Amino acid sequence: MSHELLLILLGLLLFGGILSGVPVSFVLLGVPFLVAVLGTLTGTFDLAFINAFPSRAFGLLTNPVFVAVPLFVLMGSLLEKADIAKRMMLTAGALFGEQRGGLSYAVIIVGALLAASTGVIGATIFMLGLIALPAMLSANYSPRLASGVICASGSLGQIIPPSILLILLSDQISAAYQSGRRSAGDFAPEPVSVGDLFAAALLPGLVLVGLYLLYTFILSRLRPETCPPIRQFSSTGEQRKPGPEGVVKALVLPLALILLVLGSILGGVATPTESAALGAAGALVLVAMEREPVPTWRRRIILAVLPAAFLLVVVKVFGGANTSPLLMSVGLASLVVLVAGVALATWQELQEGELIDVASSTATVVSMLTLIVLGATMLSLVFRGLGGDEMVADLLTGLPGGTATAVLAVMVVIFFLGFVIEYIEIIFIVVPVAAPPLMAAGVDPVWFAILISMNLQMSFLTPPFGYALFYFRSVAPAALTTRDIYASVAPFILLQLLALALVAAFPTLATWLPGVIFK
């Protein structure tokens with residue numbers, strides 16, 4: 001049996017296995033192994049490739065980048081359990097609701113803030129669907145506009161950092177870049193870090209948010225009946241505006257957590273893992289502050305964790321605690337306050353909260369990701385053993401039009417795979433195969449990674465298997481048909497394609513900020 005036939009069989013079995021409902025991780029582990037055994041029996045596969053699996057798997061699981069994943073998942077799960085998202089939506093709705101399209105603006109802004117703080121798409125869409133959708137429908141908003149805005153805003157967590165997608169993608173892009181540049185004769189390429197992708201994704205993410213806001217603004221002027229202004233945004237029907245204290249509690253504290261996490265990474269004072277730990281501690285503090293009643297002394301100590309964390313970051317910026325006695329004193333005092341506050345918050349949540357459930361759900365998600373990573377490693381080894389990487393390289397380099405056509409072809413493949421396969425499988429299946437020849441041809445890895453992330457974000461909105469659509473369907477009223485929901489996201493998919501085209505046409509949107517911060 002030839003290599004080509006085995007590769008076709010591998011592709012068909014993978015596709016059938018994924019669509020059959022069998023857990024994807026088992027498909028990725030089992031199918032390549034069975035094909036490898038068949039290839040060995042027919043003399044067309046060398047089992048030495050399989051022998052490399054244990055060392056490859058150990059290397060992946062001990063990669064410091066992956067340590068940040070469970071911490072960011074924990075951060076998002078903690079914030080999901082609190083009422084922070086609900087209060088943000090109510091406050092933003094009260095601030096913007098009296099304008100035409102005001103509730104749409106509020107949903108988009110809150111979606112962006114939640115993307116930068118929790119990144120949990122399912123929880124964001126559930127919250128927006130339960131809180132914002134009834135208010136929008138009762139205000140005579142167009143059901144399709146309300147549905148589209150909620151689904152699109154709820155999926156912003158895939159492009160706005162800190163994003164699990166970007167963390168997973170950074171490792172694969174870095175490995176592909178190293179491999180591609182070595183094949184091109186460059187044996188000392190610069191690594192691609194998580195910080196690079198976080199910085200690169202900021203401007204494209206803001207461009208996408210801006211396009212959503214611009215679309216709402218234009219629609220409110222051309223078709224004002226689809227998004228009328230409202231006077232009331234409370235369950236009792238009374239008109240209200242949030243005071244400064246309400247705005248601070250609802251928006252400023254989550255913004256402080258976002259700045260703490262992203263600022264420490266982009267400022268170069270903390271690794272992604274350290275920043276993720278700060279974010280998890282900050283999320284725990286915000287959740288603990290929600291408990292009522294909490295003794296005043298305990299609340300003050302817990303709340304002091306955030307300024308203490310900022311002071312530690314400042315100490316690191318100025319050279320570390322060993323630089324001067326003053327910095328050492330400040331650093332030591334901040335560390336004591338941070339440890340005491342986190343310990344109190346942990347004890348409180350263990351006694352009165354849902355910390356055990358949150359930890360359990362985090363472990364479940366991380367276990368799923370780990371199995372998928374192991375399965376993708378097995379697939380990558382078998383694919384290379386069958387010569388698939390060389391075939392893909394020859395195909396991409398042989399396309400007319402050079403690297404631009406090759407990049408376009410990869411984007412088209414990813415777009416259509418997003419209709420039926422999860423983004424995690426696409427990252428670990430497509431990137432190791434398609435990226436190395438493009439990197440060897442001189443394609444910028446950061447720019448290419450952002451194109452992939454923006455493309456994968458669309459997979460959450462594209463029917464029939466877009467997860468944002470499923471999440472929203474579970475909270476939408478029966479009067480809102482599935483066809484209406486599918487139609488509602490069409491303008492936002494077009495806006496995402498426009499944003500993708502802008503980044504493709506103007507690579508500096510993705511490469512300028514990392515160059516300013518890290519070069």
# chains A, B, ... in the order shown; residues from 1 in each chain; ligands from 1

$ residues_around --residues "segment 59-66 of chain A" --least-positions-apart "6" --cutoff "10 Å" --atoms "only C-alpha atoms" --output "PyMOL selection string"
chain A and resi 53+164+167-168+170-171+193-194+271-273+366+369-370+373-374+377

$ residues_around --residues "Thr44 of chain A" --least-positions-apart "5" --cutoff "8 Å" --atoms "only C-alpha atoms" --output "PyMOL selection string"
chain A and resi 1-3+39+386

$ closest_residue --among "A:Leu222, A:Leu166, A:Leu469, A:Val27" --to "Arg483 of chain A" --atoms "only C-alpha atoms"
A:Leu469

$ closest_residue --among "A:Ser77, A:Thr40, A:Ile424, A:Ala201" --to "Thr508 of chain A" --atoms "only C-alpha atoms"
A:Ala201

$ closest_residue --among "A:Val516, A:Val314, A:Ala345, A:Val67" --to "Val294 of chain A" --atoms "only C-alpha atoms"
A:Ala345

$ closest_residue --among "A:Asn51, A:Ser488, A:Ser220, A:Ser20" --to "Gly102 of chain A" --atoms "only C-alpha atoms"
A:Ser220

$ residues_around --residues "Tyr471 of chain A" --least-positions-apart "2" --cutoff "12 Å" --atoms "only C-alpha atoms" --output "VMD selection string"
chain A and resid 120 to 130 147 150 to 152 154 to 155 460 to 461 465 to 469 473 to 476 482 485

$ atom_distance --atom1 "atom CA of Pro254 of chain A" --atom2 "atom CA of Ser361 of chain A"
22.1 Å
